[in-house]
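Take a look at the structure set out below.
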Amino acid sequence: MIKKGINEIISERRSIFPAQYNDKPVSTTFIKTILDNANWAPTHKLTQPWRFKVIQGEAKDRLGVFLSDTYTDITSNDNFSPFKHKKIKDNCKSASAIIAICMQRDPKERIPEWEEIAATAMAVQNMWLTCSANGIGCYWSSPMLINYMGDFFDFEERERCLGFFYIGNYDQESTLFSKRNPIENKTEWLD
């Protein structure tokens, strides 16, 4: 396990896309660690709205076929991209595992829905930081196709998909760069 400080882990977190993954599998033990860490996200009124569906093996191929077929069905001939169609399948094949990020709305609606979406996003951030701290590539994708996932998964009542978390090992030979505008440009101090 790589030991880094939290500030370094946060600033080095990057999207590592499925096309960058190698063939080395991510262990089930590590996937369980990712999910355990997700479970510690902040959650107002302890609704704990995050739900995850781990997709591995042949299920990845089934997901790739479902997503690419759905893309074909919902896309006009003028907007259809053979590149995008192929990329959808390739992303599923390239990932060691895909975690469907789902949100289960509190049946009592004790808090606004945006807070449950935010809690789920914080759970995903915990997953992302865990991957980054351990040199595992990951990427959160939220294509329009998530609106059709009820045809693939058996959702509980008031559960819906917010995206896919692709994970995989990658060759860390090159440095990954990212830019942020200074925080001073985004902060107003009031006294």
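Identifiers in the structure tokens: chain A, B, ... in order shown; residue index from 1 per chain; ligand index from 1 in order shown.
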Please provide the set of residues having any atom within 6 Å of range 11-25 of chain A, restricted to only C-alpha atoms, with same-chain residues fewer than 3 positions apart removed, written as a PyMOL selection string.
-> chain A and resi 8+91+94-96+132+137-139+168-170
Would you export the selected residues with N, CA and C atoms as a compact mmCIF listing (two decimals), in the first residue's frame, please?
# COMPACT_ATOMS: atom_id res chain seq x y z
N GLU A 8 -1.77 15.44 -0.41
CA GLU A 8 -1.14 14.93 -1.63
C GLU A 8 -2.10 14.01 -2.39
N ASN A 91 -14.92 0.34 -23.25
CA ASN A 91 -14.77 0.76 -21.85
C ASN A 91 -15.16 -0.37 -20.91
N SER A 94 -12.40 -3.06 -21.05
CA SER A 94 -11.10 -2.64 -20.54
C SER A 94 -11.05 -2.56 -19.02
N ALA A 95 -12.17 -2.29 -18.39
CA ALA A 95 -12.19 -2.13 -16.93
C ALA A 95 -12.05 -3.49 -16.25
N SER A 96 -11.35 -3.49 -15.14
CA SER A 96 -11.28 -4.70 -14.33
C SER A 96 -12.63 -4.96 -13.68
N SER A 132 -6.86 6.39 -5.76
CA SER A 132 -5.69 7.24 -5.99
C SER A 132 -4.57 6.94 -5.01
N GLY A 137 -6.40 2.99 -11.12
CA GLY A 137 -7.07 3.93 -11.98
C GLY A 137 -8.58 3.85 -11.81
N CYS A 138 -9.24 5.00 -11.93
CA CYS A 138 -10.69 5.01 -11.84
C CYS A 138 -11.25 6.22 -12.58
N TYR A 139 -12.53 6.11 -12.89
CA TYR A 139 -13.19 7.15 -13.67
C TYR A 139 -14.69 7.04 -13.45
N GLY A 168 -9.45 0.03 -12.77
CA GLY A 168 -8.48 -0.86 -13.38
C GLY A 168 -7.07 -0.45 -13.02
N ASN A 169 -6.17 -1.40 -13.12
CA ASN A 169 -4.75 -1.10 -12.95
C ASN A 169 -4.26 -0.43 -14.22
N TYR A 170 -3.24 0.39 -14.08
CA TYR A 170 -2.67 1.08 -15.24
C TYR A 170 -1.18 1.23 -15.04
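Residues with any atom within 12 Å of Ile10 in chain A, counting only C-alpha atoms and excluding same-chain neighbours fewer than 2 positions away, are Lys4, Gly5, Ile6, Asn7, Glu8, Glu12, Arg13, Arg14, Gln125, Asn126, Met127, Trp128, Leu129, Thr130, Cys131, Ser132, Ala133 and Ser178 of chain A.
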List every residue of chain A that DSSP, applied to the backbone, labels as strand (DSSP E), and write the result as a list in words.
-> Trp50, Arg51, Phe52, Lys53, Val54, Ile55, Ala97, Ile98, Ile99, Ala100, Ile101, Cys102, Met103, Gln104, Gly137, Cys138, Tyr139, Trp140, Ser141, Glu159, Arg160, Cys161, Leu162, Gly163, Phe164, Phe165, Tyr166, Ile167 and Gly168 of chain A
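Closest to Ile55 in chain A among A:Ser142, A:Asp78, A:Thr28, A:Lys86 is A:Thr28, based on only C-alpha atoms.
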Write out as a PDB file with C-alpha atoms, in the first residue's frame the residues lying within 8 Å of range 97-112 of chain A, counting only C-alpha atoms and excluding same-chain residues fewer than 6 positions away.
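Result saved to selection33.pdb:
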ATOM      1  CA  VAL A  26      -8.116  -5.367  -9.362  1.00  0.00           C
ATOM      2  CA  HIS A  44     -27.730  13.887   6.615  1.00  0.00           C
ATOM      3  CA  LYS A  45     -30.159  12.053   8.927  1.00  0.00           C
ATOM      4  CA  THR A  47     -30.178   8.105   5.115  1.00  0.00           C
ATOM      5  CA  PRO A  49     -28.506   6.714   0.098  1.00  0.00           C
ATOM      6  CA  TRP A  50     -25.563   5.223  -1.816  1.00  0.00           C
ATOM      7  CA  ARG A  51     -26.069   1.847  -3.454  1.00  0.00           C
ATOM      8  CA  PHE A  52     -23.540  -0.008  -5.576  1.00  0.00           C
ATOM      9  CA  LYS A  53     -23.716  -2.821  -8.101  1.00  0.00           C
ATOM     10  CA  VAL A  54     -20.330  -4.419  -8.857  1.00  0.00           C
ATOM     11  CA  ILE A  55     -20.058  -5.666 -12.428  1.00  0.00           C
ATOM     12  CA  GLN A  56     -17.256  -8.088 -13.316  1.00  0.00           C
ATOM     13  CA  GLY A  57     -16.526 -10.950 -15.705  1.00  0.00           C
ATOM     14  CA  LYS A  60     -19.227  -6.469 -18.088  1.00  0.00           C
ATOM     15  CA  THR A 120     -23.692   9.631  -2.877  1.00  0.00           C
ATOM     16  CA  VAL A 124     -17.779   8.183  -4.701  1.00  0.00           C
ATOM     17  CA  GLU A 156     -35.544  -1.087  -5.545  1.00  0.00           C
ATOM     18  CA  GLU A 157     -38.354   1.431  -5.365  1.00  0.00           C
ATOM     19  CA  ARG A 158     -36.954   5.005  -5.628  1.00  0.00           C
ATOM     20  CA  GLU A 159     -33.490   3.760  -6.610  1.00  0.00           C
ATOM     21  CA  ARG A 160     -31.743   5.123  -9.673  1.00  0.00           C
ATOM     22  CA  CYS A 161     -28.368   5.046 -11.383  1.00  0.00           C
ATOM     23  CA  LEU A 162     -26.117   8.115 -11.214  1.00  0.00           C
ATOM     24  CA  GLY A 163     -23.241   6.706 -13.256  1.00  0.00           C
ATOM     25  CA  PHE A 164     -20.527   4.110 -13.600  1.00  0.00           C
ATOM     26  CA  PHE A 165     -17.260   3.941 -11.683  1.00  0.00           C
ATOM     27  CA  TYR A 166     -14.728   2.174 -13.897  1.00  0.00           C
ATOM     28  CA  ILE A 167     -11.655   0.772 -12.150  1.00  0.00           C
ATOM     29  CA  GLY A 168      -8.478  -0.862 -13.378  1.00  0.00           C
TER      30      GLY A 168
END
Residues of range 22-169 of chain A in helix (DSSP H, G or I) according to DSSP, as number ranges by chain?
-> A: 28-38, 44-46, 58-74, 82-94, 113-133, 144-151
Any chance you could export the current selection's C-alpha atoms as a compact mmCIF listing (two decimals), in the first residue's frame?
# COMPACT_ATOMS: atom_id res chain seq x y z
CA THR A 28 -12.07 -8.37 -4.92
CA THR A 29 -10.50 -7.51 -1.56
CA PHE A 30 -9.56 -4.06 -2.83
CA ILE A 31 -13.02 -3.52 -4.34
CA LYS A 32 -14.50 -4.33 -0.92
CA THR A 33 -12.12 -1.77 0.63
CA ILE A 34 -13.32 0.86 -1.88
CA LEU A 35 -16.93 0.13 -0.95
CA ASP A 36 -16.21 0.10 2.80
CA ASN A 37 -14.63 3.54 2.48
CA ALA A 38 -17.58 4.79 0.44
CA HIS A 44 -27.73 13.89 6.62
CA LYS A 45 -30.16 12.05 8.93
CA LEU A 46 -28.14 8.89 8.23
CA GLU A 58 -19.21 -11.75 -18.27
CA ALA A 59 -21.55 -9.20 -16.70
CA LYS A 60 -19.23 -6.47 -18.09
CA ASP A 61 -19.81 -7.82 -21.60
CA ARG A 62 -23.58 -7.91 -21.02
CA LEU A 63 -23.47 -4.32 -19.79
CA GLY A 64 -21.40 -3.26 -22.82
CA VAL A 65 -23.91 -4.87 -25.21
CA PHE A 66 -26.86 -3.33 -23.35
CA LEU A 67 -25.32 0.15 -23.33
CA SER A 68 -24.23 0.06 -26.97
CA ASP A 69 -27.61 -1.33 -28.10
CA THR A 70 -29.41 1.33 -26.07
CA TYR A 71 -27.17 4.01 -27.58
CA THR A 72 -28.14 2.74 -31.04
CA ASP A 73 -31.84 2.72 -30.14
CA ILE A 74 -31.98 6.25 -28.73
CA PRO A 82 -19.62 4.49 -34.70
CA PHE A 83 -16.63 5.64 -32.60
CA LYS A 84 -18.83 6.26 -29.55
CA HIS A 85 -20.69 2.96 -30.08
CA LYS A 86 -17.38 1.06 -30.08
CA LYS A 87 -16.00 3.08 -27.15
CA ILE A 88 -18.98 2.11 -24.98
CA LYS A 89 -18.20 -1.60 -25.45
CA ASP A 90 -14.44 -1.10 -25.18
CA ASN A 91 -14.77 0.76 -21.85
CA CYS A 92 -16.69 -2.17 -20.39
CA LYS A 93 -14.12 -4.69 -21.64
CA SER A 94 -11.10 -2.64 -20.54
CA GLU A 113 -33.08 14.91 -2.96
CA TRP A 114 -30.02 17.01 -3.79
CA GLU A 115 -28.59 16.18 -0.35
CA GLU A 116 -28.86 12.47 -1.08
CA ILE A 117 -27.23 12.94 -4.46
CA ALA A 118 -24.48 14.95 -2.75
CA ALA A 119 -24.00 12.22 -0.12
CA THR A 120 -23.69 9.63 -2.88
CA ALA A 121 -21.15 11.84 -4.66
CA MET A 122 -19.16 12.09 -1.41
CA ALA A 123 -19.20 8.29 -1.17
CA VAL A 124 -17.78 8.18 -4.70
CA GLN A 125 -15.11 10.72 -3.72
CA ASN A 126 -14.07 8.37 -0.91
CA MET A 127 -13.82 5.58 -3.51
CA TRP A 128 -11.81 7.79 -5.84
CA LEU A 129 -9.37 8.87 -3.13
CA THR A 130 -8.93 5.25 -2.04
CA CYS A 131 -8.06 4.28 -5.61
CA SER A 132 -5.69 7.24 -5.99
CA ALA A 133 -3.93 6.48 -2.71
CA MET A 144 -27.32 9.85 -20.69
CA LEU A 145 -27.61 6.05 -20.91
CA ILE A 146 -27.92 5.89 -17.10
CA ASN A 147 -31.55 6.91 -17.56
CA TYR A 148 -32.22 3.49 -19.10
CA MET A 149 -30.53 1.32 -16.48
CA GLY A 150 -33.88 0.23 -15.04
CA ASP A 151 -34.02 -2.08 -18.07
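For the atom pair formed by CA of Asn134 in chain A and CA of Ser27 in chain A, the distance is 12.2 Å, given to one decimal.
What separates CA of Ile9 in chain A from CA of Thr43 in chain A is a distance of 22.6 Å.
If you look at CA of Phe80 in chain A and CA of Trp140 in chain A, they are 22.9 Å away from each other.
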